[in-house]
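Asks: Structure supplied as final.csv; contents: CSV, C-alpha atoms and all ligand atoms.
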```
chain,number,residue,atom,x,y,z
A,120,MET,CA,-59.5,48.3,0.3
A,121,GLN,CA,-56.2,50.0,-0.4
A,122,ALA,CA,-54.0,50.8,2.6
A,123,ARG,CA,-54.8,54.5,2.5
A,124,GLY,CA,-58.5,53.5,2.9
A,125,PRO,CA,-58.5,52.9,6.7
A,126,LEU,CA,-56.3,56.0,7.2
A,127,MET,CA,-58.7,58.2,5.2
A,128,ILE,CA,-61.7,56.8,7.2
A,129,GLU,CA,-59.8,57.7,10.4
A,130,HIS,CA,-59.3,61.2,9.0
A,131,ARG,CA,-63.0,61.6,8.7
A,132,LEU,CA,-63.5,60.8,12.5
A,133,ILE,CA,-60.7,63.2,13.4
A,134,GLU,CA,-62.4,65.9,11.4
A,135,ARG,CA,-65.6,65.3,13.2
A,136,MET,CA,-63.9,65.6,16.6
A,137,LEU,CA,-62.2,68.8,15.4
A,138,GLY,CA,-65.7,70.1,14.5
A,139,VAL,CA,-66.8,69.4,18.1
A,140,VAL,CA,-63.7,71.2,19.5
A,141,GLN,CA,-64.3,74.1,17.2
A,142,ARG,CA,-68.0,74.5,18.3
A,143,THR,CA,-66.8,74.3,21.9
A,144,LEU,CA,-64.2,77.0,21.3
A,145,ASP,CA,-66.9,79.2,19.7
A,146,SER,CA,-69.1,78.9,22.7
A,147,VAL,CA,-66.4,79.4,25.4
A,148,ALA,CA,-65.2,82.5,23.6
A,149,VAL,CA,-68.1,84.3,25.2
A,150,SER,CA,-68.2,82.6,28.6
A,151,HIS,CA,-64.3,82.5,29.0
A,152,SER,CA,-64.6,79.2,30.9
A,153,ILE,CA,-64.2,75.6,29.7
A,154,ASP,CA,-65.1,72.3,31.2
A,155,PRO,CA,-61.7,70.7,32.1
A,156,TYR,CA,-63.3,67.2,31.6
A,157,PHE,CA,-64.2,68.2,28.0
A,158,VAL,CA,-60.5,69.0,27.5
A,159,ASP,CA,-59.5,65.6,29.1
A,160,THR,CA,-61.8,63.9,26.6
A,161,ALA,CA,-60.4,65.9,23.6
A,162,VAL,CA,-56.8,65.1,24.8
A,163,ASP,CA,-57.7,61.4,25.1
A,164,PHE,CA,-59.0,61.4,21.6
A,165,VAL,CA,-56.0,63.2,20.2
A,166,ARG,CA,-53.5,61.0,22.1
A,167,VAL,CA,-55.0,57.6,21.8
A,168,TYR,CA,-56.9,57.8,18.5
A,169,ALA,CA,-55.3,60.5,16.4
A,170,ASP,CA,-51.7,60.1,17.6
A,171,ARG,CA,-51.2,56.5,18.9
A,172,THR,CA,-53.7,54.7,16.7
A,173,HIS,CA,-53.7,56.8,13.5
A,174,HIS,CA,-50.2,58.4,13.4
A,175,GLY,CA,-48.9,55.1,14.8
A,176,LYS,CA,-50.1,53.3,11.6
A,177,GLU,CA,-48.7,56.0,9.4
A,178,GLU,CA,-45.3,56.2,11.1
A,179,ASP,CA,-44.7,52.6,12.1
A,180,ILE,CA,-46.1,50.9,9.0
A,181,LEU,CA,-46.6,53.2,6.0
A,182,PHE,CA,-43.7,55.5,6.5
A,183,ARG,CA,-41.5,52.6,7.7
A,184,ASP,CA,-42.2,50.7,4.4
A,185,LEU,CA,-41.7,53.9,2.4
A,186,ARG,CA,-38.2,54.2,3.8
A,187,GLY,CA,-37.3,51.0,2.0
A,188,LYS,CA,-38.3,52.6,-1.3
A,189,ASP,CA,-36.4,55.0,-3.5
A,190,LEU,CA,-38.5,58.1,-2.7
A,191,SER,CA,-38.4,61.2,-4.9
A,192,ALA,CA,-37.0,64.3,-3.2
A,193,GLN,CA,-40.5,65.8,-3.2
A,194,ASP,CA,-42.1,62.8,-1.5
A,195,LEU,CA,-39.3,62.5,1.0
A,196,ARG,CA,-39.7,66.1,1.9
A,197,ILE,CA,-43.4,65.8,2.4
A,198,MET,CA,-43.0,62.7,4.5
A,199,ASN,CA,-40.6,64.5,6.8
A,200,GLU,CA,-43.0,67.4,7.0
A,201,LEU,CA,-45.8,65.1,8.0
A,202,ILE,CA,-43.6,63.6,10.7
A,203,GLU,CA,-42.7,67.1,12.0
A,204,GLU,CA,-46.4,67.9,12.1
A,205,HIS,CA,-47.1,64.8,14.1
A,206,ILE,CA,-44.4,66.0,16.6
A,207,PHE,CA,-45.9,69.4,16.6
A,208,GLY,CA,-49.3,67.9,17.5
A,209,ARG,CA,-47.8,65.9,20.4
A,210,THR,CA,-46.0,69.0,21.7
A,211,THR,CA,-49.2,71.1,21.5
A,212,THR,CA,-51.2,68.4,23.3
A,213,GLY,CA,-48.5,68.2,26.0
A,214,THR,CA,-48.8,72.0,26.5
A,215,LEU,CA,-52.6,71.7,26.5
A,216,VAL,CA,-52.5,69.0,29.3
A,217,GLN,CA,-50.3,71.2,31.5
A,218,ALA,CA,-52.5,74.3,30.9
A,219,ASN,CA,-55.6,72.3,31.6
A,220,GLU,CA,-54.2,71.0,35.0
A,221,ARG,CA,-53.4,74.6,36.0
A,222,TYR,CA,-56.9,75.6,35.0
A,223,ARG,CA,-58.5,72.7,36.9
A,224,ARG,CA,-56.6,73.8,40.0
A,225,GLY,CA,-58.1,77.2,39.9
A,226,ASP,CA,-55.7,79.3,37.8
A,227,VAL,CA,-58.3,81.0,35.6
A,228,SER,CA,-55.6,82.7,33.6
A,229,ALA,CA,-54.7,79.3,32.1
A,230,PHE,CA,-57.9,79.4,30.1
A,231,VAL,CA,-56.2,81.5,27.5
A,232,GLU,CA,-53.5,78.9,27.0
A,233,VAL,CA,-56.0,76.0,27.0
A,234,ALA,CA,-58.1,77.7,24.3
A,235,ALA,CA,-55.0,78.7,22.3
A,236,CYS,CA,-53.8,75.0,22.2
A,237,LEU,CA,-57.2,73.8,21.1
A,238,ARG,CA,-57.3,76.5,18.4
A,239,THR,CA,-53.8,75.4,17.3
A,240,LEU,CA,-54.9,71.8,17.0
A,241,VAL,CA,-58.1,72.7,15.1
A,242,GLY,CA,-56.1,75.0,12.9
A,243,PHE,CA,-53.3,72.8,11.7
A,244,TYR,CA,-54.9,69.3,11.5
A,245,PRO,CA,-57.2,69.9,8.5
A,246,ASN,CA,-54.2,71.0,6.4
A,247,HIS,CA,-52.2,68.0,7.6
A,248,ILE,CA,-55.1,65.7,6.6
A,249,ARG,CA,-55.6,67.4,3.2
A,250,LYS,CA,-51.9,67.0,2.5
A,251,GLU,CA,-52.1,63.3,3.2
A,252,ASP,CA,-55.4,62.6,1.4
A,253,GLU,CA,-54.8,64.6,-1.7
A,254,VAL,CA,-51.0,64.6,-2.2
A,255,PHE,CA,-49.0,62.1,-0.1
A,256,PHE,CA,-51.2,59.0,0.0
A,257,PRO,CA,-51.8,59.0,-3.8
A,258,ALA,CA,-48.1,59.6,-4.4
A,259,SER,CA,-47.0,56.9,-1.9
A,260,ARG,CA,-49.3,54.3,-3.4
A,261,LEU,CA,-47.2,54.3,-6.6
A,262,TYR,CA,-44.2,52.8,-4.7
A,263,PHE,CA,-46.1,49.7,-3.6
A,264,SER,CA,-47.2,46.6,-5.5
A,265,GLU,CA,-50.7,45.2,-4.9
A,266,GLU,CA,-49.3,42.6,-2.6
A,267,GLU,CA,-47.3,45.1,-0.5
A,268,ASP,CA,-50.3,47.3,-0.2
A,269,ARG,CA,-52.4,44.4,1.0
A,270,ALA,CA,-49.8,43.4,3.5
A,271,MET,CA,-50.0,46.9,5.0
A,272,VAL,CA,-53.8,46.6,5.3
A,273,ALA,CA,-53.3,43.4,7.2
A,274,GLU,CA,-50.7,44.9,9.4
A,275,PHE,CA,-53.0,47.9,10.1
A,276,GLY,CA,-55.6,45.5,11.3
A,277,GLU,CA,-53.2,43.8,13.7
A,278,PHE,CA,-52.0,47.2,14.9
A,279,ASP,CA,-55.5,48.3,15.7
A,280,ARG,CA,-56.3,45.0,17.4
A,281,LYS,CA,-53.6,45.7,20.0
A,282,MET,CA,-54.7,49.3,20.7
A,283,ILE,CA,-57.6,48.7,23.0
A,284,HIS,CA,-55.4,46.4,25.2
A,285,GLU,CA,-52.6,48.9,25.2
A,286,LYS,CA,-54.9,51.8,26.2
A,287,TYR,CA,-56.4,50.0,29.2
A,288,THR,CA,-53.2,48.3,30.2
A,289,THR,CA,-51.6,51.8,30.4
A,290,LEU,CA,-54.6,53.1,32.3
A,291,VAL,CA,-54.4,50.3,34.9
A,292,ARG,CA,-50.7,50.7,35.2
A,293,ARG,CA,-51.1,54.5,35.8
A,294,LEU,CA,-53.8,53.9,38.4
A,295,GLU,CA,-51.7,51.3,40.2
A,296,THR,CA,-48.8,53.6,40.6
A,297,GLN,CA,-50.8,56.7,41.5
A,298,GLY,CA,-50.3,57.5,45.2
A,299,ASP,CA,-47.1,55.4,45.5
B,1,FE,FE,-50.4,62.1,9.6
B,2,FE,FE,-53.3,61.0,8.8
```
Would you give me this structure, written as C-alpha cells?
Replies:
Amino acid sequence: MQARGPLMIEHRLIERMLGVVQRTLDSVAVSHSIDPYFVDTAVDFVRVYADRTHHGKEEDILFRDLRGKDLSAQDLRIMNELIEEHIFGRTTTGTLVQANERYRRGDVSAFVEVAACLRTLVGFYPNHIRKEDEVFFPASRLYFSEEEDRAMVAEFGEFDRKMIHEKYTTLVRRLETQGD
C-alpha cells in the first residue's frame, strides 16, 4: 500500500464520525438540548483520532518529508493551507470543550455555541479531506521514490503503535493530578 493509503482509510472513518455528528445535530435542532457525554465522545474522537493520530502522521511524517523536497509553489501553498486547517480544527475543538463545560454546568445558553462548533467541524472537514484525497496526496506522491514511500508506511505503523499507549498514559497522568 502507498503511504497515502492508510491516511485515506482514516479519512473514511473520520467521515463516518462526521455523519454521526451531523445526524445528532439534526435531531438536537428540534430539542435544543444535547448530551454532553456525546460531545465528550466526539471531542475524544477528534482530538485523539483525527488530530493526534491522523494529522500527526500527516504533519510529523508526510509534511516533514515533503519539506525536504523542492515543492512547487502550488503544492507548498496547499500544504500550508492544510496545516492552517488542522490548527483551525484544534481551535474549534478547544472552543467546543469550553462551551460543553459551561453547558454541563447548567448554562443552557451554551447549547448554541456547542452546536455551532460541531456544525463548523462537520462543515469544514469534508473539504479538507477532499483536498487531500483528490489534490494534495496524488501531487505529493510524485516527490517520493518507491523506497521513500515505503519508509513512510513503516513509520506510520510505528507512529500508530505508540498512540494507544500515549492516550492512556495521558489519561492516567490527568487522573493522578486531578484534585491535587
Ligand atoms: Fe489533514
Ligand atoms: Fe487527512
Asks: Please provide the set of residues having any atom within 10 Å of Arg221 of chain A, restricted to only C-alpha atoms, with same-chain residues fewer than 5 positions apart removed, written as a compact mmCIF listing (two decimals) with C-alpha atoms, in the coordinates of the input.
Replies:
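Result file is out.txt:
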```
# COMPACT_ATOMS: atom_id res chain seq x y z
CA PRO A 155 -61.70 70.70 32.10
CA LEU A 215 -52.60 71.70 26.50
CA VAL A 216 -52.50 69.00 29.30
CA ASP A 226 -55.70 79.30 37.80
CA VAL A 227 -58.30 81.00 35.60
CA SER A 228 -55.60 82.70 33.60
CA ALA A 229 -54.70 79.30 32.10
CA PHE A 230 -57.90 79.40 30.10
CA GLU A 232 -53.50 78.90 27.00
CA VAL A 233 -56.00 76.00 27.00
```
Asks: Kindly assemble as a tab-separated table a list of the chain A residues that lie within 8 Å of ligand FE 1 (chain B), each paired with its nearest atom pair and their distance in Å to one decimal, using all atoms listed in the file, sorted first by chain and then by ascending residue number.
Replies:
```
residue	atom	partner	partner_atom	distance
A:His173	CA	B:FE1	FE	7.4
A:His174	CA	B:FE1	FE	5.3
A:Glu177	CA	B:FE1	FE	6.3
A:Glu178	CA	B:FE1	FE	7.9
A:Leu201	CA	B:FE1	FE	5.7
A:Ile202	CA	B:FE1	FE	7.0
A:Glu204	CA	B:FE1	FE	7.5
A:His205	CA	B:FE1	FE	6.2
A:His247	CA	B:FE1	FE	6.5
A:Ile248	CA	B:FE1	FE	6.6
A:Glu251	CA	B:FE1	FE	6.7
```
Asks: Selected residues, C-alpha atoms, written as a tab-separated table (two decimals), in the frame of the given file, please.
Replies:
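The resulting file, out_6.tsv, is shown below:
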```tsv
chain	number	residue	atom	x	y	z
A	173	HIS	CA	-53.70	56.80	13.50
A	174	HIS	CA	-50.20	58.40	13.40
A	177	GLU	CA	-48.70	56.00	9.40
A	178	GLU	CA	-45.30	56.20	11.10
A	201	LEU	CA	-45.80	65.10	8.00
A	202	ILE	CA	-43.60	63.60	10.70
A	204	GLU	CA	-46.40	67.90	12.10
A	205	HIS	CA	-47.10	64.80	14.10
A	247	HIS	CA	-52.20	68.00	7.60
A	248	ILE	CA	-55.10	65.70	6.60
A	251	GLU	CA	-52.10	63.30	3.20
```
Asks: Nearest residue to ligand FE 2 (chain B) out of A:Gly225, A:Gly175, A:Gly138, A:Gly187, using only C-alpha atoms and all ligand atoms?
Replies: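 Using only C-alpha atoms and all ligand atoms, ligand FE 2 (chain B) sits closest to A:Gly175.
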Asks: Output the neighbourhood of ligand FE 2 (chain B) as JSON, numbers by chain, that is, all protein and nucleic acid residues with some atom at most 12 Å from the ligand, counting all atoms listed in the file.
Replies: {"A": [122, 123, 124, 125, 126, 127, 128, 129, 130, 131, 132, 133, 134, 165, 168, 169, 170, 171, 172, 173, 174, 175, 176, 177, 178, 181, 182, 198, 201, 202, 204, 205, 208, 244, 245, 246, 247, 248, 249, 250, 251, 252, 253, 254, 255, 256]}
Asks: Keeping only C-alpha atoms, write the selected residues as a PDB file, in the frame of the given file.
Replies:
```pdb
ATOM      1  CA  ALA A 122     -54.000  50.800   2.600  1.00  0.00           C
ATOM      2  CA  ARG A 123     -54.800  54.500   2.500  1.00  0.00           C
ATOM      3  CA  GLY A 124     -58.500  53.500   2.900  1.00  0.00           C
ATOM      4  CA  PRO A 125     -58.500  52.900   6.700  1.00  0.00           C
ATOM      5  CA  LEU A 126     -56.300  56.000   7.200  1.00  0.00           C
ATOM      6  CA  MET A 127     -58.700  58.200   5.200  1.00  0.00           C
ATOM      7  CA  ILE A 128     -61.700  56.800   7.200  1.00  0.00           C
ATOM      8  CA  GLU A 129     -59.800  57.700  10.400  1.00  0.00           C
ATOM      9  CA  HIS A 130     -59.300  61.200   9.000  1.00  0.00           C
ATOM     10  CA  ARG A 131     -63.000  61.600   8.700  1.00  0.00           C
ATOM     11  CA  LEU A 132     -63.500  60.800  12.500  1.00  0.00           C
ATOM     12  CA  ILE A 133     -60.700  63.200  13.400  1.00  0.00           C
ATOM     13  CA  GLU A 134     -62.400  65.900  11.400  1.00  0.00           C
ATOM     14  CA  VAL A 165     -56.000  63.200  20.200  1.00  0.00           C
ATOM     15  CA  TYR A 168     -56.900  57.800  18.500  1.00  0.00           C
ATOM     16  CA  ALA A 169     -55.300  60.500  16.400  1.00  0.00           C
ATOM     17  CA  ASP A 170     -51.700  60.100  17.600  1.00  0.00           C
ATOM     18  CA  ARG A 171     -51.200  56.500  18.900  1.00  0.00           C
ATOM     19  CA  THR A 172     -53.700  54.700  16.700  1.00  0.00           C
ATOM     20  CA  HIS A 173     -53.700  56.800  13.500  1.00  0.00           C
ATOM     21  CA  HIS A 174     -50.200  58.400  13.400  1.00  0.00           C
ATOM     22  CA  GLY A 175     -48.900  55.100  14.800  1.00  0.00           C
ATOM     23  CA  LYS A 176     -50.100  53.300  11.600  1.00  0.00           C
ATOM     24  CA  GLU A 177     -48.700  56.000   9.400  1.00  0.00           C
ATOM     25  CA  GLU A 178     -45.300  56.200  11.100  1.00  0.00           C
ATOM     26  CA  LEU A 181     -46.600  53.200   6.000  1.00  0.00           C
ATOM     27  CA  PHE A 182     -43.700  55.500   6.500  1.00  0.00           C
ATOM     28  CA  MET A 198     -43.000  62.700   4.500  1.00  0.00           C
ATOM     29  CA  LEU A 201     -45.800  65.100   8.000  1.00  0.00           C
ATOM     30  CA  ILE A 202     -43.600  63.600  10.700  1.00  0.00           C
ATOM     31  CA  GLU A 204     -46.400  67.900  12.100  1.00  0.00           C
ATOM     32  CA  HIS A 205     -47.100  64.800  14.100  1.00  0.00           C
ATOM     33  CA  GLY A 208     -49.300  67.900  17.500  1.00  0.00           C
ATOM     34  CA  TYR A 244     -54.900  69.300  11.500  1.00  0.00           C
ATOM     35  CA  PRO A 245     -57.200  69.900   8.500  1.00  0.00           C
ATOM     36  CA  ASN A 246     -54.200  71.000   6.400  1.00  0.00           C
ATOM     37  CA  HIS A 247     -52.200  68.000   7.600  1.00  0.00           C
ATOM     38  CA  ILE A 248     -55.100  65.700   6.600  1.00  0.00           C
ATOM     39  CA  ARG A 249     -55.600  67.400   3.200  1.00  0.00           C
ATOM     40  CA  LYS A 250     -51.900  67.000   2.500  1.00  0.00           C
ATOM     41  CA  GLU A 251     -52.100  63.300   3.200  1.00  0.00           C
ATOM     42  CA  ASP A 252     -55.400  62.600   1.400  1.00  0.00           C
ATOM     43  CA  GLU A 253     -54.800  64.600  -1.700  1.00  0.00           C
ATOM     44  CA  VAL A 254     -51.000  64.600  -2.200  1.00  0.00           C
ATOM     45  CA  PHE A 255     -49.000  62.100  -0.100  1.00  0.00           C
ATOM     46  CA  PHE A 256     -51.200  59.000   0.000  1.00  0.00           C
TER      47      PHE A 256
END
```
Asks: Quick check, in Å to one decimal: how far apart do atom CA of Met271 of chain A and atom CA of Ile180 of chain A lie?
Replies: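 Here the two named atoms are 6.9 Å from each other.
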Asks: Rounded to one decimal, what separation in Å do you get between atom CA of Ala192 of chain A and atom CA of Val241 of chain A?
Replies: 29.2 Å
Asks: Could you check the closest approach to Leu240 of chain A for each of A:Gln193, A:Thr210, A:Asn199, A:Thr296 and tell me which residue wins, using only C-alpha atoms?
Replies: A:Thr210
Asks: Using all atoms listed in the file, pick whichever of A:Arg135, A:Arg260, A:Arg269, A:Arg196 has the shortest atom-to-atom distance to Phe164 of chain A.
Replies: A:Arg135
